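*Asks:* Quick one, entry-v3.txt (compact mmCIF, C-alpha atoms):
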```
# COMPACT_ATOMS: atom_id res chain seq x y z
CA MET M 1 0.00 0.00 0.00
CA SER M 2 1.49 3.36 -1.00
CA SER M 3 1.96 5.95 1.73
CA HIS M 4 -0.45 8.27 -0.14
CA SER M 5 -3.35 5.84 0.25
CA LYS M 6 -2.67 5.03 3.91
CA LYS M 7 -4.88 6.64 6.53
CA LEU M 8 -3.02 8.93 8.91
CA ILE M 9 -3.24 8.22 12.65
CA ALA M 10 -1.99 10.85 15.13
CA VAL M 11 -0.70 9.41 18.43
CA ILE M 12 -0.59 11.71 21.43
CA GLY M 13 1.96 10.81 24.08
CA ALA M 14 3.98 8.82 21.56
CA THR M 15 7.06 8.74 23.78
CA GLY M 16 5.22 7.26 26.79
CA GLN M 17 4.62 3.56 27.43
CA GLN M 18 1.09 3.49 25.99
CA GLY M 19 1.72 5.83 23.06
CA ASP M 20 4.92 4.04 22.09
CA SER M 21 3.06 0.71 21.98
CA VAL M 22 0.40 2.28 19.75
CA VAL M 23 3.02 3.69 17.34
CA ARG M 24 4.73 0.29 17.08
CA ALA M 25 1.48 -1.65 16.59
CA LEU M 26 0.23 0.75 13.90
CA GLN M 27 3.55 0.53 12.07
CA ALA M 28 3.43 -3.28 12.24
CA GLN M 29 -0.12 -3.25 10.87
CA GLY M 30 1.12 -1.66 7.64
CA GLN M 31 -2.20 -0.01 6.78
CA PHE M 32 -1.56 3.36 8.38
CA LYS M 33 0.74 6.32 8.24
CA VAL M 34 1.72 7.23 11.81
CA ARG M 35 2.22 10.74 13.15
CA ALA M 36 3.90 10.71 16.56
CA LEU M 37 2.98 13.73 18.67
CA THR M 38 5.38 14.94 21.33
CA ARG M 39 6.33 18.18 23.05
CA HIS M 40 9.92 17.75 21.86
CA PRO M 41 9.88 16.52 18.24
CA ALA M 42 13.55 17.36 17.69
CA ASN M 43 14.49 14.74 20.30
CA HIS M 44 12.49 11.96 18.65
CA ARG M 45 13.17 12.09 14.92
CA GLY M 46 12.52 8.74 13.26
CA LEU M 47 9.98 7.68 15.89
CA ALA M 48 7.25 7.40 13.24
CA ASP M 49 6.48 8.45 9.64
CA GLU M 50 6.03 11.98 10.96
CA VAL M 51 7.00 13.53 14.28
CA VAL M 52 5.05 16.69 15.10
CA GLU M 53 4.85 18.98 18.11
CA ALA M 54 1.81 18.73 20.36
CA ASP M 55 1.45 19.88 23.95
CA LEU M 56 -1.72 18.94 25.85
CA ASN M 57 -1.44 22.20 27.79
CA ARG M 58 -1.26 24.27 24.60
CA ALA M 59 -4.41 23.82 22.52
CA ASP M 60 -2.89 25.99 19.77
CA THR M 61 -0.54 23.10 18.89
CA PHE M 62 -3.45 20.75 18.06
CA LYS M 63 -4.40 22.28 14.73
CA ALA M 64 -1.19 21.24 12.96
CA ALA M 65 -0.98 18.02 15.00
CA PHE M 66 -4.39 16.78 13.79
CA ALA M 67 -4.42 18.24 10.27
CA GLY M 68 -5.35 15.52 7.76
CA ALA M 69 -5.62 12.81 10.42
CA HIS M 70 -8.17 10.03 10.01
CA GLY M 71 -7.71 8.84 13.59
CA VAL M 72 -6.34 10.03 16.93
CA PHE M 73 -5.15 8.08 19.96
CA LEU M 74 -5.16 10.05 23.20
CA VAL M 75 -3.71 9.24 26.61
CA THR M 76 -3.13 11.81 29.35
CA ASN M 77 -0.57 11.60 32.15
CA PHE M 78 -2.18 11.97 35.58
CA ALA M 79 1.19 11.71 37.33
CA GLU M 80 2.58 14.84 35.71
CA LYS M 81 2.49 17.77 38.11
CA GLY M 82 -0.35 20.20 37.48
CA THR M 83 -2.15 17.96 34.96
CA ASP M 84 -5.86 18.67 34.47
CA GLU M 85 -6.90 15.59 32.50
CA LEU M 86 -10.45 16.76 31.85
CA LYS M 87 -9.27 20.12 30.49
CA GLN M 88 -6.51 18.56 28.38
CA ALA M 89 -8.72 15.83 26.93
CA THR M 90 -11.63 18.19 26.22
CA ALA M 91 -9.36 20.52 24.25
CA ALA M 92 -7.91 17.57 22.30
CA VAL M 93 -11.36 16.12 21.53
CA GLN M 94 -12.67 19.49 20.34
CA ALA M 95 -9.62 20.08 18.16
CA ALA M 96 -9.83 16.57 16.66
CA LYS M 97 -13.50 17.07 15.84
CA ALA M 98 -12.77 20.45 14.25
CA ALA M 99 -9.97 18.86 12.18
CA GLY M 100 -12.39 16.30 10.72
CA VAL M 101 -10.99 13.27 12.56
CA LYS M 102 -13.19 10.22 11.91
CA HIS M 103 -12.09 7.79 14.65
CA PHE M 104 -11.04 8.84 18.16
CA VAL M 105 -9.52 6.33 20.60
CA TRP M 106 -9.29 7.33 24.26
CA SER M 107 -7.31 5.45 26.92
CA THR M 108 -9.60 5.40 29.93
CA LEU M 109 -10.03 3.63 33.29
CA PRO M 110 -13.02 2.49 35.36
CA ASN M 111 -15.06 5.10 37.28
CA VAL M 112 -14.29 4.13 40.87
CA GLU M 113 -16.65 6.74 42.36
CA ALA M 114 -19.60 5.40 40.36
CA ILE M 115 -18.75 1.71 40.79
CA SER M 116 -18.29 2.04 44.57
CA GLY M 117 -21.32 4.29 45.05
CA GLY M 118 -19.08 7.14 46.21
CA LYS M 119 -17.40 5.08 48.94
CA LEU M 120 -13.97 4.95 47.30
CA HIS M 121 -11.97 7.76 45.71
CA VAL M 122 -9.20 6.96 43.23
CA PRO M 123 -8.71 10.18 41.22
CA HIS M 124 -6.27 8.69 38.72
CA PHE M 125 -8.97 6.20 37.68
CA THR M 126 -12.10 8.36 37.89
CA GLY M 127 -10.37 11.37 36.31
CA LYS M 128 -9.94 9.39 33.08
CA ALA M 129 -13.47 7.91 33.27
CA ASN M 130 -14.91 11.44 33.45
CA VAL M 131 -13.56 12.10 29.95
CA ASP M 132 -15.59 9.24 28.40
CA ARG M 133 -18.73 11.38 28.15
CA ILE M 134 -16.80 14.14 26.32
CA VAL M 135 -15.62 11.61 23.72
CA LYS M 136 -19.10 10.05 23.35
CA GLU M 137 -20.83 13.39 22.87
CA ALA M 138 -18.33 14.79 20.36
CA GLY M 139 -20.03 13.01 17.47
CA PHE M 140 -17.09 11.26 15.81
CA ALA M 141 -18.02 8.75 13.11
CA HIS M 142 -16.23 6.17 15.30
CA HIS M 143 -14.90 6.20 18.84
CA THR M 144 -13.32 3.51 21.00
CA PHE M 145 -12.27 3.25 24.63
CA VAL M 146 -9.24 1.16 25.54
CA ILE M 147 -8.58 0.28 29.19
CA ALA M 148 -5.01 -0.20 30.31
CA PRO M 149 -4.61 -2.92 32.97
CA PHE M 150 -2.48 -3.11 36.08
CA PHE M 151 0.87 -3.13 34.25
CA TYR M 152 3.08 -6.15 34.77
CA GLN M 153 5.81 -3.50 34.60
CA ASN M 154 4.59 -2.04 37.93
CA LEU M 155 6.05 -5.07 39.69
CA VAL M 156 9.56 -4.15 38.58
CA GLY M 157 8.86 -0.39 38.80
CA VAL M 158 6.68 1.62 41.18
CA MET M 159 5.55 -1.51 43.06
CA ALA M 160 8.79 -3.49 42.95
CA PRO M 161 9.52 -5.81 45.89
CA GLN M 162 11.19 -4.06 48.84
CA LYS M 163 13.31 -5.12 51.80
CA GLN M 164 10.92 -5.80 54.68
CA ALA M 165 11.39 -5.35 58.46
CA ASP M 166 11.93 -9.10 58.91
CA GLY M 167 14.79 -9.07 56.40
CA SER M 168 12.82 -10.71 53.59
CA VAL M 169 12.25 -9.09 50.20
CA GLY M 170 8.71 -8.76 48.95
CA TRP M 171 5.51 -6.80 49.36
CA ALA M 172 3.61 -5.35 52.32
CA LEU M 173 0.23 -4.25 50.99
CA PRO M 174 -3.30 -3.57 52.30
CA LEU M 175 -4.74 -6.38 50.19
CA ASP M 176 -6.11 -9.86 50.84
CA PRO M 177 -3.52 -11.97 49.01
CA GLU M 178 -6.01 -14.79 48.38
CA LEU M 179 -8.52 -12.63 46.54
CA ARG M 180 -8.36 -12.83 42.76
CA CYS M 181 -9.04 -9.24 41.75
CA ILE M 182 -6.21 -7.85 39.58
CA HIS M 183 -6.68 -7.61 35.81
CA MET M 184 -3.08 -7.42 34.59
CA GLY M 185 -1.22 -7.08 31.33
CA ASP M 186 1.92 -6.02 29.48
CA VAL M 187 1.41 -2.34 28.62
CA ARG M 188 3.53 -2.82 25.49
CA GLU M 189 0.61 -4.83 24.03
CA LEU M 190 -2.02 -2.09 24.43
CA GLY M 191 -1.21 -0.85 20.94
CA ASN M 192 -2.52 -4.11 19.44
CA LEU M 193 -6.03 -3.23 20.67
CA VAL M 194 -5.79 0.32 19.37
CA ALA M 195 -4.54 -0.79 15.96
CA GLY M 196 -7.29 -3.44 15.86
CA ALA M 197 -9.94 -0.82 16.58
CA PHE M 198 -8.67 1.38 13.75
CA VAL M 199 -8.62 -1.60 11.37
CA HIS M 200 -12.12 -2.80 12.38
CA PRO M 201 -14.14 0.33 13.20
CA ASN M 202 -17.49 -1.37 12.56
CA GLU M 203 -16.78 -3.99 15.24
CA ALA M 204 -14.79 -1.89 17.71
CA GLY M 205 -15.48 1.74 16.88
CA ASN M 206 -19.00 2.30 18.17
CA GLY M 207 -18.19 3.20 21.77
CA GLU M 208 -16.86 -0.25 22.68
CA TYR M 209 -14.61 -0.68 25.70
CA LEU M 210 -11.53 -2.83 25.03
CA PRO M 211 -9.61 -3.84 28.17
CA LEU M 212 -6.12 -5.29 27.83
CA VAL M 213 -6.06 -8.35 30.12
CA GLY M 214 -3.26 -10.89 29.95
CA ASP M 215 -4.08 -12.40 33.33
CA PHE M 216 -6.52 -12.14 36.25
CA LEU M 217 -4.73 -13.00 39.49
CA SER M 218 -4.59 -12.68 43.25
CA PHE M 219 -1.40 -11.30 44.76
CA LYS M 220 -0.70 -14.77 46.17
CA GLU M 221 -0.86 -16.15 42.63
CA ILE M 222 1.58 -13.44 41.50
CA VAL M 223 4.02 -14.33 44.31
CA ASP M 224 3.55 -18.09 43.76
CA THR M 225 4.28 -17.68 40.04
CA LEU M 226 7.52 -15.85 40.85
CA LYS M 227 8.47 -18.46 43.48
CA ARG M 228 8.06 -21.23 40.91
CA GLN M 229 10.51 -19.31 38.74
CA GLY M 230 13.15 -19.29 41.48
CA HIS M 231 12.40 -16.09 43.42
CA GLU M 232 12.17 -15.92 47.21
CA PHE M 233 9.56 -13.20 47.72
CA SER M 234 7.40 -12.60 50.79
CA PHE M 235 3.95 -11.05 51.16
CA GLN M 236 2.48 -9.42 54.24
CA GLN M 237 -1.01 -7.94 54.47
CA VAL M 238 -0.90 -4.64 56.38
CA PRO M 239 -3.73 -2.35 57.53
CA LYS M 240 -4.76 0.33 55.04
CA GLU M 241 -4.03 3.16 57.52
CA VAL M 242 -0.52 1.84 58.14
CA PHE M 243 0.29 1.52 54.44
CA ALA M 244 -1.09 5.03 53.74
CA SER M 245 1.71 6.49 55.90
CA PHE M 246 4.56 4.64 54.15
CA PHE M 247 5.38 7.23 51.43
CA PRO M 248 3.87 10.24 49.59
CA GLY M 249 0.99 9.00 47.41
CA ALA M 250 0.59 5.77 49.40
CA ALA M 251 -2.91 6.76 50.55
CA GLU M 252 -4.24 6.72 46.99
CA ILE M 253 -2.58 3.38 46.25
CA ALA M 254 -4.20 2.00 49.42
CA GLU M 255 -7.58 3.29 48.24
CA MET M 256 -6.99 1.76 44.79
CA LEU M 257 -6.21 -1.63 46.36
CA SER M 258 -9.40 -1.34 48.46
CA TYR M 259 -11.26 -0.79 45.21
CA PHE M 260 -9.63 -3.87 43.61
CA GLN M 261 -10.60 -5.92 46.64
CA ALA M 262 -14.23 -4.77 46.62
CA HIS M 263 -14.91 -4.65 42.88
CA THR M 264 -11.86 -6.05 40.94
CA TYR M 265 -9.66 -3.84 38.74
CA LEU M 266 -12.23 -3.58 35.93
CA GLY M 267 -15.08 -3.13 38.37
CA SER M 268 -17.55 -5.57 36.83
CA ASP M 269 -17.94 -8.75 34.85
CA SER M 270 -15.91 -7.86 31.77
CA HIS M 271 -15.86 -11.25 30.06
CA ASP M 272 -17.47 -9.99 26.83
CA ARG M 273 -15.33 -6.86 26.70
CA ILE M 274 -12.14 -8.87 27.20
CA ALA M 275 -13.19 -11.31 24.46
CA LEU M 276 -13.82 -8.44 22.02
CA ALA M 277 -10.52 -6.80 22.97
CA ASN M 278 -8.61 -10.05 22.34
CA LYS M 279 -10.33 -10.40 18.99
CA ALA M 280 -9.46 -6.80 18.06
CA GLY M 281 -5.87 -7.35 19.18
CA GLY M 282 -5.56 -10.36 16.92
CA ARG M 283 -4.08 -12.63 19.57
CA PRO M 284 -4.39 -13.33 23.30
CA PRO M 285 -2.22 -11.01 25.40
CA THR M 286 0.84 -12.44 27.15
CA LYS M 287 0.30 -14.32 30.43
CA PHE M 288 2.06 -13.05 33.56
CA SER M 289 4.19 -16.19 33.96
CA THR M 290 5.50 -15.84 30.39
CA TRP M 291 6.24 -12.13 30.86
CA ALA M 292 7.94 -12.68 34.23
CA GLN M 293 10.21 -15.39 32.82
CA VAL M 294 11.81 -12.75 30.59
CA ASN M 295 11.35 -9.52 32.54
CA PHE M 296 11.73 -10.62 36.17
CA PRO M 297 15.13 -12.31 36.11
CA VAL M 298 16.17 -14.30 39.17
CA GLN M 299 19.02 -12.58 41.03
CA THR M 300 21.81 -15.05 41.56
CA PRO M 301 23.81 -14.49 44.77
```
Show me the file's structure as structure tokens.
*Replies:*
Amino acid sequence: MSSHSKKLIAVIGATGQQGDSVVRALQAQGQFKVRALTRHPANHRGLADEVVEADLNRADTFKAAFAGAHGVFLVTNFAEKGTDELKQATAAVQAAKAAGVKHFVWSTLPNVEAISGGKLHVPHFTGKANVDRIVKEAGFAHHTFVIAPFFYQNLVGVMAPQKQADGSVGWALPLDPELRCIHMGDVRELGNLVAGAFVHPNEAGNGEYLPLVGDFLSFKEIVDTLKRQGHEFSFQQVPKEVFASFFPGAAEIAEMLSYFQAHTYLGSDSHDRIALANKAGGRPPTKFSTWAQVNFPVQTP
């Protein structure tokens, strides 16, 4: 297919984990021309067919970023200081609509406030869910919601095992280790769902929710999997109030784990959504044990 006949997809956040996976999956698909959007295009030449400046805090950059685009993938970064996800996403949606974009894909998360009846507050989940309505009401010919899982990568990153008071290495979390409640996956495979939605808009572009789920596990199953692979990790359940005092931001993680425990990560029976997502992605996502074998190497003494 010549590059002139390929539909152009603009990927916001192309240098982040989700955006990068979308760029790679779209390139592998071969049906699209990919425009990577970043605040610093000069630093990322060669990332995609085109690399163009876009800053979610500067709506004036969207016009050139979305010009001629058939589709847009948007993810916002809650963790970045001063981020107003609703404001950023609303400006991006409005600009995409004005540019004539036909298919808008938004990376969202479950609405914890709604699912828990207002009992639990996890802003980094609900903040994304609050954007869903903006996308739905914009009137795109097609729109899709993808749901990123609990990243496998978290277990070697922000939630890596730590040295415990008893000298062991592992996790101390306010979570029942026996409760199967964590929908997990390799974030590098999220792009497969996004590319699949762009390829099959009639099946996955009418407001469908596509969660990436490689595995659905309890924390005990996570630890047991790693033990079978030669690790010596411990797990201790600690009270929520104790965990909340461990480090800055721990209170929200404790609340998130309370939500997992009460409602699971996805918040509801998502069997049909997961099946559709796997179909859109073209293959089942990688299981945790397979991922860990490669990405969680055993430390030899």
*Asks:* Name the residues, using the chain letters and numbers of the file, that sit within 6 Å of (2.6, -0.5, 21.7) when counting all atoms listed in the file, and give them as a PDB file with C-alpha atoms, keeping the file's coordinate frame.
*Replies:*
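Output file selection_24.pdb follows:
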```
ATOM      1  CA  ASP M  20       4.920   4.040  22.090  1.00  0.00           C
ATOM      2  CA  SER M  21       3.060   0.710  21.980  1.00  0.00           C
ATOM      3  CA  VAL M  22       0.400   2.280  19.750  1.00  0.00           C
ATOM      4  CA  ARG M  24       4.730   0.290  17.080  1.00  0.00           C
ATOM      5  CA  ALA M  25       1.480  -1.650  16.590  1.00  0.00           C
ATOM      6  CA  ARG M 188       3.530  -2.820  25.490  1.00  0.00           C
ATOM      7  CA  GLU M 189       0.610  -4.830  24.030  1.00  0.00           C
ATOM      8  CA  LEU M 190      -2.020  -2.090  24.430  1.00  0.00           C
ATOM      9  CA  GLY M 191      -1.210  -0.850  20.940  1.00  0.00           C
TER      10      GLY M 191
END
```
*Asks:* Skip stretch 87-94 of chain M itself and residues of its chain fewer than 4 positions away, then list as number ranges by chain all residues within 8 Å of it, counting all atoms listed in the file.
*Replies:* M: 56-57, 59, 62, 74, 76, 83, 98, 131, 134-135, 138
*Asks:* Go ahead and save the residues from that selection, with C-alpha atoms, as a PDB file, in the frame of the given file.
*Replies:*
```
ATOM      1  CA  LEU M  56      -1.720  18.940  25.850  1.00  0.00           C
ATOM      2  CA  ASN M  57      -1.440  22.200  27.790  1.00  0.00           C
ATOM      3  CA  ALA M  59      -4.410  23.820  22.520  1.00  0.00           C
ATOM      4  CA  PHE M  62      -3.450  20.750  18.060  1.00  0.00           C
ATOM      5  CA  LEU M  74      -5.160  10.050  23.200  1.00  0.00           C
ATOM      6  CA  THR M  76      -3.130  11.810  29.350  1.00  0.00           C
ATOM      7  CA  THR M  83      -2.150  17.960  34.960  1.00  0.00           C
ATOM      8  CA  ALA M  98     -12.770  20.450  14.250  1.00  0.00           C
ATOM      9  CA  VAL M 131     -13.560  12.100  29.950  1.00  0.00           C
ATOM     10  CA  ILE M 134     -16.800  14.140  26.320  1.00  0.00           C
ATOM     11  CA  VAL M 135     -15.620  11.610  23.720  1.00  0.00           C
ATOM     12  CA  ALA M 138     -18.330  14.790  20.360  1.00  0.00           C
TER      13      ALA M 138
END
```
*Asks:* Excluding M:Phe66 and its own-chain neighbours fewer than 2 positions away, which residues fall within 10 Å of it when counting only C-alpha atoms? Please give them as a ChimeraX atom specification.
*Replies:* /M:8-12,35,37,52,54,61-64,68-72,92,95-101
*Asks:* Give me, please, the distance in Å between atom CA of M:Lys102 and atom CA of M:Asn77, quoted to one decimal.
*Replies:*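 Straight-line distance from atom CA of M:Lys102 to atom CA of M:Asn77 works out to 23.9 Å.
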*Asks:* Show me, as a list in words, the residues that have an atom within 12 Å of M:Ala244 when counting all atoms listed in the file, minus same-chain residues fewer than 2 positions from it.
*Replies:* Ala172, Leu173, Pro174, Val238, Pro239, Lys240, Glu241, Val242, Phe246, Phe247, Pro248, Gly249, Ala250, Ala251, Glu252, Ile253, Ala254, Glu255, Met256, Leu257 and Ser258 of chain M
*Asks:* Could you state the separation of atom CA of M:Gly139 and atom CA of M:Asp49 in Å, given to one decimal place?
*Replies:*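 Value for the atom CA of M:Gly139-atom CA of M:Asp49 distance: 28.0 Å.
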*Asks:* I want to know what sits within 8 Å of stretch 163-168 of chain M, based on only C-alpha atoms, with residues of the same chain fewer than 2 positions away left out; could you give that as a list of chain:residue names?
*Replies:*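 What passes the distance filter is M:Pro161, M:Gly170, M:Trp171, M:Ala172, M:Phe233, M:Ser234.
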*Asks:* Set the distance at 9 Å and use all atoms listed in the file: which residues neighbour M:Val105 once local chain neighbours fewer than 6 positions away are removed? I'd like the list as an NGL selection string.
*Replies:* :M and (71-75 or 135 or 142-146 or 194 or 197-198 or 205)
*Asks:* In Å, how far is it from atom CA of M:Gly282 to atom CA of M:Phe140?
*Replies:*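 Interatomic distance here is 24.5 Å.
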